[in-house]
Structures are given as C-alpha cells and as structure tokens.
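S.K.: File input_31.json below, JSON, C-alpha atoms:
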[["chain", "number", "residue", "atom", "x", "y", "z"],
["A", 1, "MET", "CA", -20.93, -6.17, -19.81],
["A", 2, "PRO", "CA", -24.57, -5.05, -19.65],
["A", 3, "GLU", "CA", -26.39, -5.37, -16.32],
["A", 4, "THR", "CA", -23.18, -6.30, -14.50],
["A", 5, "ILE", "CA", -23.21, -5.23, -10.86],
["A", 6, "GLU", "CA", -19.78, -4.55, -9.39],
["A", 7, "PRO", "CA", -18.95, -5.44, -5.79],
["A", 8, "ASP", "CA", -19.36, -2.63, -3.27],
["A", 9, "VAL", "CA", -16.18, -0.82, -2.27],
["A", 10, "ALA", "CA", -15.14, 1.78, 0.27],
["A", 11, "SER", "CA", -15.69, 5.22, -1.27],
["A", 12, "ASN", "CA", -14.63, 7.53, 1.57],
["A", 13, "VAL", "CA", -11.49, 8.72, -0.22],
["A", 14, "GLY", "CA", -9.73, 11.41, 1.82],
["A", 15, "VAL", "CA", -7.68, 14.31, 0.46],
["A", 16, "ILE", "CA", -4.58, 14.97, 2.57],
["A", 17, "ASP", "CA", -3.24, 17.81, 0.40],
["A", 18, "GLU", "CA", -3.31, 19.17, -3.13],
["A", 19, "ASP", "CA", -1.54, 21.87, -5.10],
["A", 20, "ASP", "CA", -0.89, 22.65, -8.75],
["A", 21, "ALA", "CA", 1.27, 19.54, -9.20],
["A", 22, "VAL", "CA", 0.04, 16.73, -6.96],
["A", 23, "VAL", "CA", -2.97, 15.38, -5.09],
["A", 24, "VAL", "CA", -2.20, 13.32, -1.99],
["A", 25, "ILE", "CA", -4.95, 10.80, -1.19],
["A", 26, "ASP", "CA", -5.82, 8.72, 1.88],
["A", 27, "LYS", "CA", -7.15, 5.56, 0.24],
["A", 28, "PRO", "CA", -9.75, 3.47, 2.10],
["A", 29, "ALA", "CA", -10.21, -0.29, 1.71],
["A", 30, "PRO", "CA", -11.40, -2.38, 0.09],
["A", 31, "LEU", "CA", -10.85, -0.28, -3.04],
["A", 32, "PRO", "CA", -8.90, -1.40, -6.12],
["A", 33, "MET", "CA", -6.59, 1.19, -7.64],
["A", 34, "HIS", "CA", -7.52, 0.46, -11.25],
["A", 35, "ALA", "CA", -9.97, -1.52, -13.37],
["A", 36, "CYS", "CA", -9.41, -5.26, -13.09],
["A", 37, "GLY", "CA", -11.48, -8.41, -12.83],
["A", 38, "ARG", "CA", -14.91, -7.61, -11.39],
["A", 39, "PHE", "CA", -14.10, -3.90, -10.92],
["A", 40, "ASN", "CA", -14.48, -1.20, -13.56],
["A", 41, "ARG", "CA", -16.04, 1.96, -12.11],
["A", 42, "ASN", "CA", -15.57, 0.99, -8.46],
["A", 43, "THR", "CA", -11.89, 1.93, -8.51],
["A", 44, "LEU", "CA", -9.77, 4.77, -7.16],
["A", 45, "GLU", "CA", -8.72, 5.88, -10.64],
["A", 46, "TYR", "CA", -12.36, 6.17, -11.76],
["A", 47, "PHE", "CA", -13.29, 8.15, -8.64],
["A", 48, "LEU", "CA", -10.36, 10.51, -9.24],
["A", 49, "ARG", "CA", -11.34, 11.12, -12.85],
["A", 50, "LYS", "CA", -14.91, 11.92, -11.84],
["A", 51, "ALA", "CA", -13.92, 14.21, -8.94],
["A", 52, "TRP", "CA", -11.24, 16.19, -10.83],
["A", 53, "HIS", "CA", -12.84, 16.23, -14.30],
["A", 54, "PRO", "CA", -11.62, 17.40, -16.80],
["A", 55, "GLU", "CA", -8.25, 16.65, -15.17],
["A", 56, "VAL", "CA", -7.03, 13.06, -15.01],
["A", 57, "PRO", "CA", -4.98, 12.61, -11.81],
["A", 58, "ARG", "CA", -2.50, 9.75, -12.26],
["A", 59, "PRO", "CA", -1.43, 7.68, -9.23],
["A", 60, "ALA", "CA", 2.38, 7.55, -9.18],
["A", 61, "HIS", "CA", 2.39, 4.16, -7.42],
["A", 62, "ARG", "CA", -0.02, 1.48, -6.27],
["A", 63, "LEU", "CA", -1.46, -0.03, -3.12],
["A", 64, "ASP", "CA", -3.25, -3.35, -2.87],
["A", 65, "ALA", "CA", -7.05, -3.08, -2.90],
["A", 66, "ASN", "CA", -7.10, -4.17, 0.76],
["A", 67, "THR", "CA", -4.36, -1.74, 1.90],
["A", 68, "THR", "CA", -5.24, 1.69, 3.25],
["A", 69, "GLY", "CA", -3.22, 4.88, 3.29],
["A", 70, "LEU", "CA", -1.23, 7.37, 1.26],
["A", 71, "VAL", "CA", -1.31, 7.55, -2.52],
["A", 72, "VAL", "CA", 0.28, 10.49, -4.36],
["A", 73, "CYS", "CA", -1.15, 11.42, -7.76],
["A", 74, "ALA", "CA", 0.25, 13.64, -10.50],
["A", 75, "ARG", "CA", -2.18, 16.22, -11.84],
["A", 76, "THR", "CA", -0.74, 16.21, -15.38],
["A", 77, "ARG", "CA", 1.12, 13.83, -17.66],
["A", 78, "GLN", "CA", 4.21, 16.06, -17.45],
["A", 79, "ILE", "CA", 4.23, 15.90, -13.63],
["A", 80, "ALA", "CA", 3.80, 12.14, -13.79],
["A", 81, "LYS", "CA", 7.00, 11.87, -15.85],
["A", 82, "ILE", "CA", 8.86, 13.61, -13.02],
["A", 83, "LEU", "CA", 7.14, 11.92, -10.10],
["A", 84, "GLN", "CA", 6.77, 8.29, -11.12],
["A", 85, "PRO", "CA", 10.51, 7.66, -11.73],
["A", 86, "GLN", "CA", 11.20, 8.58, -8.09],
["A", 87, "PHE", "CA", 9.21, 5.51, -7.08],
["A", 88, "SER", "CA", 10.81, 3.21, -9.66],
["A", 89, "ARG", "CA", 14.30, 4.37, -8.62],
["A", 90, "GLY", "CA", 13.57, 3.77, -4.93],
["A", 91, "GLU", "CA", 14.01, 7.44, -3.99],
["A", 92, "VAL", "CA", 10.71, 7.77, -2.13],
["A", 93, "GLU", "CA", 10.68, 7.18, 1.63],
["A", 94, "LYS", "CA", 7.74, 4.91, 2.46],
["A", 95, "THR", "CA", 6.67, 3.89, 5.95],
["A", 96, "TYR", "CA", 3.94, 1.36, 6.61],
["A", 97, "LEU", "CA", 2.26, 0.02, 9.73],
["A", 98, "ALA", "CA", 1.05, -3.56, 10.11],
["A", 99, "LYS", "CA", -0.55, -5.62, 12.83],
["A", 100, "VAL", "CA", 0.58, -9.22, 12.60],
["A", 101, "TRP", "CA", 0.11, -12.62, 14.14],
["A", 102, "GLY", "CA", 3.08, -13.58, 16.26],
["A", 103, "ALA", "CA", 6.07, -11.66, 17.58],
["A", 104, "PRO", "CA", 9.47, -11.44, 15.89],
["A", 105, "GLU", "CA", 12.40, -12.31, 18.12],
["A", 106, "GLU", "CA", 14.40, -9.21, 17.15],
["A", 107, "ASN", "CA", 13.23, -5.62, 17.63],
["A", 108, "GLU", "CA", 14.76, -4.45, 14.35],
["A", 109, "PHE", "CA", 15.82, -6.51, 11.35],
["A", 110, "VAL", "CA", 15.87, -6.61, 7.56],
["A", 111, "ILE", "CA", 14.03, -9.14, 5.41],
["A", 112, "ARG", "CA", 15.80, -9.97, 2.14],
["A", 113, "ALA", "CA", 13.86, -12.46, 0.04],
["A", 114, "ARG", "CA", 13.49, -12.37, -3.73],
["A", 115, "ILE", "CA", 9.93, -12.27, -5.06],
["A", 116, "SER", "CA", 8.65, -13.78, -8.30],
["A", 117, "SER", "CA", 7.90, -11.34, -11.10],
["A", 118, "GLU", "CA", 5.02, -13.43, -12.47],
["A", 119, "ALA", "CA", 1.66, -13.56, -10.75],
["A", 120, "GLY", "CA", 0.28, -16.89, -9.60],
["A", 121, "LYS", "CA", -3.15, -17.81, -8.28],
["A", 122, "LEU", "CA", -5.22, -14.73, -7.31],
["A", 123, "GLY", "CA", -2.41, -12.51, -8.58],
["A", 124, "ALA", "CA", -0.25, -13.50, -5.62],
["A", 125, "ARG", "CA", 3.53, -13.71, -5.74],
["A", 126, "GLU", "CA", 5.95, -16.31, -4.40],
["A", 127, "ILE", "CA", 9.37, -16.24, -2.78],
["A", 128, "ASP", "CA", 11.78, -17.18, -5.57],
["A", 129, "GLU", "CA", 15.43, -16.94, -4.54],
["A", 130, "ASP", "CA", 16.67, -18.24, -7.89],
["A", 131, "ALA", "CA", 14.81, -16.17, -10.49],
["A", 132, "GLY", "CA", 12.91, -13.64, -8.38],
["A", 133, "GLN", "CA", 13.43, -9.89, -8.18],
["A", 134, "GLU", "CA", 15.41, -8.41, -5.30],
["A", 135, "ALA", "CA", 13.14, -7.34, -2.43],
["A", 136, "VAL", "CA", 14.25, -5.70, 0.82],
["A", 137, "THR", "CA", 12.09, -4.62, 3.77],
["A", 138, "GLU", "CA", 13.25, -2.97, 7.00],
["A", 139, "VAL", "CA", 11.23, -4.07, 10.04],
["A", 140, "LYS", "CA", 10.86, -2.47, 13.47],
["A", 141, "VAL", "CA", 8.69, -3.95, 16.22],
["A", 142, "VAL", "CA", 6.68, -1.17, 17.85],
["A", 143, "ARG", "CA", 4.73, -3.24, 20.39],
["A", 144, "ARG", "CA", 4.25, -6.88, 21.30],
["A", 145, "ASN", "CA", 0.70, -7.41, 22.55],
["A", 146, "ASP", "CA", -0.49, -9.83, 25.24],
["A", 147, "ASP", "CA", -2.80, -11.55, 22.75],
["A", 148, "GLY", "CA", 0.10, -12.85, 20.66],
["A", 149, "THR", "CA", -0.04, -10.12, 18.03],
["A", 150, "SER", "CA", 2.44, -7.35, 17.28],
["A", 151, "LEU", "CA", 2.36, -3.84, 15.87],
["A", 152, "ILE", "CA", 5.14, -3.36, 13.32],
["A", 153, "GLU", "CA", 6.63, -0.44, 11.40],
["A", 154, "LEU", "CA", 8.02, -1.26, 7.96],
["A", 155, "ARG", "CA", 10.09, 0.50, 5.33],
["A", 156, "PRO", "CA", 10.14, -1.25, 1.95],
["A", 157, "LEU", "CA", 13.39, -0.35, 0.17],
["A", 158, "THR", "CA", 12.13, -1.95, -3.04],
["A", 159, "GLY", "CA", 8.64, -1.88, -4.52],
["A", 160, "ARG", "CA", 7.66, -5.41, -5.48],
["A", 161, "THR", "CA", 4.03, -6.45, -5.72],
["A", 162, "ASN", "CA", 2.78, -7.79, -2.36],
["A", 163, "GLN", "CA", 6.26, -7.24, -0.92],
["A", 164, "ILE", "CA", 5.38, -6.41, 2.68],
["A", 165, "ARG", "CA", 2.63, -9.03, 2.84],
["A", 166, "ILE", "CA", 4.72, -11.87, 1.49],
["A", 167, "HIS", "CA", 7.83, -10.89, 3.48],
["A", 168, "LEU", "CA", 5.93, -10.92, 6.77],
["A", 169, "TRP", "CA", 4.24, -14.18, 5.78],
["A", 170, "GLU", "CA", 7.63, -15.71, 5.00],
["A", 171, "ALA", "CA", 8.84, -14.50, 8.43],
["A", 172, "ALA", "CA", 5.95, -16.43, 10.08],
["A", 173, "CYS", "CA", 4.22, -13.16, 11.06],
["A", 174, "PRO", "CA", 1.35, -12.84, 8.56],
["A", 175, "ILE", "CA", -0.73, -9.69, 8.54],
["A", 176, "ILE", "CA", -4.00, -9.93, 10.45],
["A", 177, "GLY", "CA", -6.92, -9.93, 8.02],
["A", 178, "ASP", "CA", -4.85, -10.76, 4.93],
["A", 179, "PRO", "CA", -7.13, -12.93, 2.76],
["A", 180, "VAL", "CA", -4.27, -14.49, 0.75],
["A", 181, "TYR", "CA", -1.22, -14.96, 3.01],
["A", 182, "LEU", "CA", -2.64, -16.83, 6.00],
["A", 183, "ARG", "CA", -1.32, -18.18, 9.28],
["A", 184, "GLY", "CA", 0.68, -21.38, 9.30],
["A", 185, "GLY", "CA", 1.97, -20.86, 5.77],
["A", 186, "ALA", "CA", -1.49, -21.44, 4.27],
["A", 187, "ARG", "CA", -2.90, -19.59, 1.27],
["A", 188, "GLY", "CA", -6.39, -18.15, 1.03],
["A", 189, "ASP", "CA", -8.79, -18.21, -1.92],
["A", 190, "CYS", "CA", -9.97, -14.58, -1.92],
["A", 191, "GLN", "CA", -8.14, -11.65, -3.47],
["A", 192, "THR", "CA", -10.22, -8.51, -2.80],
["A", 193, "MET", "CA", -12.11, -8.40, 0.47],
["A", 194, "ALA", "CA", -15.79, -7.50, 0.70],
["A", 195, "LEU", "CA", -17.01, -4.22, 2.12],
["A", 196, "GLY", "CA", -17.73, -4.81, 5.80],
["A", 197, "ASP", "CA", -15.09, -7.51, 6.28],
["A", 198, "GLU", "CA", -12.62, -7.12, 9.11],
["A", 199, "PRO", "CA", -9.75, -4.96, 7.82],
["A", 200, "MET", "CA", -6.44, -6.19, 6.53],
["A", 201, "CYS", "CA", -4.12, -4.50, 9.01],
["A", 202, "LEU", "CA", -1.68, -2.88, 6.59],
["A", 203, "HIS", "CA", -1.52, 0.90, 6.27],
["A", 204, "ALA", "CA", 0.65, 3.17, 4.12],
["A", 205, "TRP", "CA", 1.40, 5.67, 6.88],
["A", 206, "LYS", "CA", 4.07, 8.10, 5.67],
["A", 207, "LEU", "CA", 5.55, 9.26, 2.35],
["A", 208, "ALA", "CA", 8.41, 11.61, 1.49],
["A", 209, "PHE", "CA", 9.42, 12.59, -2.06],
["A", 210, "ILE", "CA", 10.91, 15.47, -4.05],
["A", 211, "HIS", "CA", 8.12, 17.85, -5.05],
["A", 212, "PRO", "CA", 8.00, 18.11, -8.87],
["A", 213, "HIS", "CA", 7.66, 21.91, -8.86],
["A", 214, "ARG", "CA", 9.37, 23.05, -5.67],
["A", 215, "GLY", "CA", 12.34, 20.72, -5.93],
["A", 216, "GLU", "CA", 12.35, 20.11, -2.16],
["A", 217, "ARG", "CA", 11.52, 17.00, -0.17],
["A", 218, "VAL", "CA", 7.96, 17.05, 1.14],
["A", 219, "ARG", "CA", 6.52, 14.70, 3.77],
["A", 220, "TYR", "CA", 2.99, 13.48, 4.34],
["A", 221, "GLU", "CA", 1.36, 11.39, 7.04],
["A", 222, "THR", "CA", -2.14, 9.92, 7.45],
["A", 223, "PRO", "CA", -4.15, 9.51, 10.64],
["A", 224, "LEU", "CA", -3.67, 6.13, 12.29],
["A", 225, "PRO", "CA", -6.28, 3.42, 11.65],
["A", 226, "ALA", "CA", -8.14, 2.13, 14.69],
["A", 227, "TRP", "CA", -6.13, -1.10, 14.87],
["A", 228, "ALA", "CA", -2.89, 0.92, 15.18],
["A", 229, "ALA", "CA", -4.10, 3.35, 17.83],
["A", 230, "ALA", "CA", -1.73, 1.82, 20.39],
["A", 231, "LEU", "CA", 1.12, 3.60, 18.60],
["A", 232, "GLU", "CA", -0.11, 6.95, 19.89],
["A", 233, "ASN", "CA", 0.75, 5.95, 23.45],
["A", 234, "HIS", "CA", 4.08, 4.34, 22.64]]
Translate the structure of the given file into structure tokens.
M.R.:
Amino acid sequence: MPETIEPDVASNVGVIDEDDAVVVIDKPAPLPMHACGRFNRNTLEYFLRKAWHPEVPRPAHRLDANTTGLVVCARTRQIAKILQPQFSRGEVEKTYLAKVWGAPEENEFVIRARISSEAGKLGAREIDEDAGQEAVTEVKVVRRNDDGTSLIELRPLTGRTNQIRIHLWEAACPIIGDPVYLRGGARGDCQTMALGDEPMCLHAWKLAFIHPHRGERVRYETPLPAWAAALENH
C-alpha cells in the first residue's frame, strides 16, 4: 500500500556460520520471519534476500517474531528439500532458554499437552486435548531466583506453533515479557512487540542437524542473551 510505514524492527542479524549449503543466523527481536500483517520488508526473509542477492536463502524453520536465536537457512532450493524435512520429522536437536515467572516444583519434567492447529486471536494457539496436535516439551530448571523467577532450559520434541510459550503458560510459569501468554492465565492483546520494549525472554540457544552436504551431525550455539547470563556461572 502506498505511503505505508512499517513498524521498526531489530535489524542486527548475526551470522554464526555459512558454507556452500547453509547459512546459520542469530535472529534478533522483534523481527518477523516473513511478510505478514503490518510487515513486508521489515522481515528476516527480506533482509536475507537483500544481503545474499542473487541467492535466496530459505529458512528451514521458524521462530516467533519476539524470539531470538538460531535460524538455519538453506542456500538453494535443492538444499532446502534435504534440510527442511529434518525439522518436520523431529530429527533436529533444539535447545531453548527461557526466563519465567514462578518456579516449577520439579527440576526436570516433560510437558505433554496437545495444541490447536488453528490460530485464534492474534494468531495464538490453545491447549486442545481432544482435537489438538501432539506437543511434547522437555523442561529442566537451571536456576530458581530469589525474585520469584526461574531460568529454564527446554527441548521441544515436536514443533508446534507457540509450543514452548503455551506449554510454560499452561504450567503456570509464563515467559517474562511474553505479550500474549500472561501471568495468571490472562491473555494479552499485542502480537509483535515494539522495538525498545523489554525483551520476551525466550532464546533459541542450540541446534544440531545432519549437514546436507557432509552427511554428519553439526552443532551450533549462540551467545547468551543478557537475561540468561546467570547460566554462565551455573
């Protein structure tokens, strides 16, 4: 639409590694992955196309606009056909960090709660044990803080939209800064945060997958965000 001004986004996209097959990105936030709603050019996919022109790097998976961390991109369509199915088949090892309100009673546990396949208000999902898709998240408490918050390590074994956010919310430990899944079971009215807002404390920390060319498992890790710095001393 002519004269439309898109919301500002974080543009400090980091490159963790690249070779002839993949580009591994450290995505900042807020930054949508693809064009949607108010965002067209202020997206990760647009930035990638501009930076690697005439190549068109294709993200093999997605992160929420408000989530930071690792995104692996295929450099060609042929590589994408090899890489993307690893994510859909659940063969990729994914480790996230989150800072949450509250403190789980157990140090390690598994959340199993089916998630609706259809988006509701603001694109959010719901727990739907009858018709929802299977969703499983492994949870490990790294540190319980004196202020009533906790630092948590998570491994999603399935890849549902909003899975980690809604699972922690359902467990009464919502992610600090999440604009949708709030404390006390409440729901917010904002989907993508504004540049300069306090961060949503969810970070895609580690990834491991089979390299499309080398045929061996490769592992990547991003630097810790400031809110997770306590992990370095744990």
S.K.: Hey, which of A:Glu134, A:Asp8, A:Asp19, A:Glu118 ends up closest to A:Gly159? Count only C-alpha atoms.
M.R.: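 With only C-alpha atoms as the atom set, the closest residue is A:Glu134.
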S.K.: Please produce, as a Markdown table, a per-residue contact table for stretch 115-208 of chain A versus stretch 57-73 of chain A (criterion: any atom at most 7 Å away, only C-alpha atoms considered), showing the nearest atom pair and its distance in Å to one decimal, sorted by chain then residue number.
M.R.:
| residue | atom | partner | partner_atom | distance |
| --- | --- | --- | --- | --- |
| A:Thr192 | CA | A:Ala65 | CA | 6.3 |
| A:Met193 | CA | A:Asn66 | CA | 6.6 |
| A:Met200 | CA | A:Asn66 | CA | 6.1 |
| A:Leu202 | CA | A:Thr67 | CA | 5.5 |
| A:His203 | CA | A:Thr68 | CA | 4.9 |
| A:Ala204 | CA | A:Gly69 | CA | 4.3 |
| A:Trp205 | CA | A:Gly69 | CA | 5.9 |
| A:Lys206 | CA | A:Leu70 | CA | 6.9 |
S.K.: Write the residues of the selection above to a file with C-alpha atoms, as a PDB file, in the coordinates of the input.
M.R.:
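Saved result, out_9.pdb, follows:
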ATOM      1  CA  THR A 192     -10.220  -8.510  -2.800  1.00  0.00           C
ATOM      2  CA  MET A 193     -12.110  -8.400   0.470  1.00  0.00           C
ATOM      3  CA  MET A 200      -6.440  -6.190   6.530  1.00  0.00           C
ATOM      4  CA  LEU A 202      -1.680  -2.880   6.590  1.00  0.00           C
ATOM      5  CA  HIS A 203      -1.520   0.900   6.270  1.00  0.00           C
ATOM      6  CA  ALA A 204       0.650   3.170   4.120  1.00  0.00           C
ATOM      7  CA  TRP A 205       1.400   5.670   6.880  1.00  0.00           C
ATOM      8  CA  LYS A 206       4.070   8.100   5.670  1.00  0.00           C
TER       9      LYS A 206
END
S.K.: Find the residue from A:Thr95, A:Ala194, A:Pro179, A:Phe87 that sits nearest to A:Pro32; use all atoms listed in the file when measuring.
M.R.: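 Between A:Thr95, A:Ala194, A:Pro179, A:Phe87, the residue approaching A:Pro32 most closely is A:Ala194.
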S.K.: Pick from A:Leu83, A:Cys190, A:Ala51, A:Ala228: nearest to A:Val15, with all atoms listed in the file counted?
M.R.: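 Once distances to A:Val15 are computed over all atoms listed in the file, the minimum belongs to A:Ala51.
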S.K.: Using the file's own x, y and z axes, so that the box edges lie along x, y and z, what centre and edge lengths in Å (one decimal) does a box around every listed atom of stretch 1-13 of chain A get when 4 Å is added on each side? Give it as JSON.
M.R.:
{"center_x": -18.9, "center_y": 1.2, "center_z": -9.1, "size_x": 22.9, "size_y": 23.0, "size_z": 29.4}
S.K.: Point out the residue among A:Glu6, A:Arg49, A:Ile166, A:Ser117 with the least atom-to-atom distance to A:Gln133, counting only C-alpha atoms.
M.R.: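 Looking only at the distances to A:Gln133, the closest residue turns out to be A:Ser117.
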S.K.: Which is closer to A:Pro223 than all the others in A:Leu97, A:His211, A:Gly177, A:Thr76, using all atoms listed in the file?
M.R.: A:Leu97
S.K.: So, with all atoms listed in the file as the atoms that count, which of A:Val100, A:Leu168, A:Ala119, A:Ala124 lies closest to A:Val136?
M.R.: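 Once distances to A:Val136 are computed over all atoms listed in the file, the minimum belongs to A:Leu168.
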S.K.: With a distance cut-off of 12 Å and only C-alpha atoms, select the neighbouring residues of A:Arg219, excluding the residue or stretch itself and same-chain residues fewer than 2 positions from it, and output the selection as a PyMOL selection string.
M.R.: chain A and resi 16-17+24+70+72+92-95+205-211+216-217+221-222
S.K.: Work out how far atom CA of A:Gly14 is from atom CA of A:Trp169, in Å to one decimal.
M.R.: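 We find that atom CA of A:Trp169 and atom CA of A:Gly14 lie 29.4 Å from each other.
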S.K.: Tell me, in Å to one decimal, how far atom CA of A:Asn42 is from atom CA of A:Pro7.
M.R.: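 It comes out at 7.7 Å.
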S.K.: Find the residues around A:Thr137 up to 7 Å (only C-alpha atoms counted), leave out those fewer than 6 positions away in its own chain, and share them as a PyMOL selection string.
M.R.: chain A and resi 110-112+154-157
S.K.: In Å, rounded to a single decimal, give me how far atom CA of A:Lys99 is from atom CA of A:Tyr181.
M.R.: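 That distance, rounded to one decimal, is 13.6 Å.
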S.K.: Regenerate stretch 16-29 of chain A at the level of N, CA and C atoms and dump it as a PDB file, in the coordinates of the input.
M.R.:
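This is the output file part.pdb:
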ATOM      1  N   ILE A  16      -5.533  14.478   1.579  1.00  0.00           N
ATOM      2  CA  ILE A  16      -4.580  14.970   2.570  1.00  0.00           C
ATOM      3  C   ILE A  16      -4.065  16.339   2.190  1.00  0.00           C
ATOM      4  N   ASP A  17      -3.779  16.534   0.884  1.00  0.00           N
ATOM      5  CA  ASP A  17      -3.240  17.810   0.400  1.00  0.00           C
ATOM      6  C   ASP A  17      -3.356  17.833  -1.115  1.00  0.00           C
ATOM      7  N   GLU A  18      -3.391  19.014  -1.678  1.00  0.00           N
ATOM      8  CA  GLU A  18      -3.310  19.170  -3.130  1.00  0.00           C
ATOM      9  C   GLU A  18      -2.765  20.544  -3.462  1.00  0.00           C
ATOM     10  N   ASP A  19      -2.035  20.604  -4.579  1.00  0.00           N
ATOM     11  CA  ASP A  19      -1.540  21.870  -5.100  1.00  0.00           C
ATOM     12  C   ASP A  19      -1.570  21.791  -6.612  1.00  0.00           C
ATOM     13  N   ASP A  20      -0.811  22.641  -7.296  1.00  0.00           N
ATOM     14  CA  ASP A  20      -0.890  22.650  -8.750  1.00  0.00           C
ATOM     15  C   ASP A  20      -0.198  21.466  -9.401  1.00  0.00           C
ATOM     16  N   ALA A  21       0.530  20.659  -8.625  1.00  0.00           N
ATOM     17  CA  ALA A  21       1.270  19.540  -9.200  1.00  0.00           C
ATOM     18  C   ALA A  21       0.741  18.185  -8.769  1.00  0.00           C
ATOM     19  N   VAL A  22       0.389  18.046  -7.486  1.00  0.00           N
ATOM     20  CA  VAL A  22       0.040  16.730  -6.960  1.00  0.00           C
ATOM     21  C   VAL A  22      -1.242  16.777  -6.139  1.00  0.00           C
ATOM     22  N   VAL A  23      -1.863  15.607  -6.014  1.00  0.00           N
ATOM     23  CA  VAL A  23      -2.970  15.380  -5.090  1.00  0.00           C
ATOM     24  C   VAL A  23      -2.553  14.197  -4.225  1.00  0.00           C
ATOM     25  N   VAL A  24      -2.591  14.376  -2.910  1.00  0.00           N
ATOM     26  CA  VAL A  24      -2.200  13.320  -1.990  1.00  0.00           C
ATOM     27  C   VAL A  24      -3.468  12.765  -1.349  1.00  0.00           C
ATOM     28  N   ILE A  25      -3.700  11.463  -1.548  1.00  0.00           N
ATOM     29  CA  ILE A  25      -4.950  10.800  -1.190  1.00  0.00           C
ATOM     30  C   ILE A  25      -4.731   9.870  -0.001  1.00  0.00           C
ATOM     31  N   ASP A  26      -5.762   9.764   0.845  1.00  0.00           N
ATOM     32  CA  ASP A  26      -5.820   8.720   1.880  1.00  0.00           C
ATOM     33  C   ASP A  26      -6.819   7.688   1.386  1.00  0.00           C
ATOM     34  N   LYS A  27      -6.295   6.570   0.877  1.00  0.00           N
ATOM     35  CA  LYS A  27      -7.150   5.560   0.240  1.00  0.00           C
ATOM     36  C   LYS A  27      -7.786   4.647   1.292  1.00  0.00           C
ATOM     37  N   PRO A  28      -9.098   4.441   1.217  1.00  0.00           N
ATOM     38  CA  PRO A  28      -9.750   3.470   2.100  1.00  0.00           C
ATOM     39  C   PRO A  28      -9.634   2.063   1.517  1.00  0.00           C
ATOM     40  N   ALA A  29     -10.194   1.094   2.199  1.00  0.00           N
ATOM     41  CA  ALA A  29     -10.210  -0.290   1.710  1.00  0.00           C
ATOM     42  C   ALA A  29     -11.507  -0.964   2.145  1.00  0.00           C
TER      43      ALA A  29
END
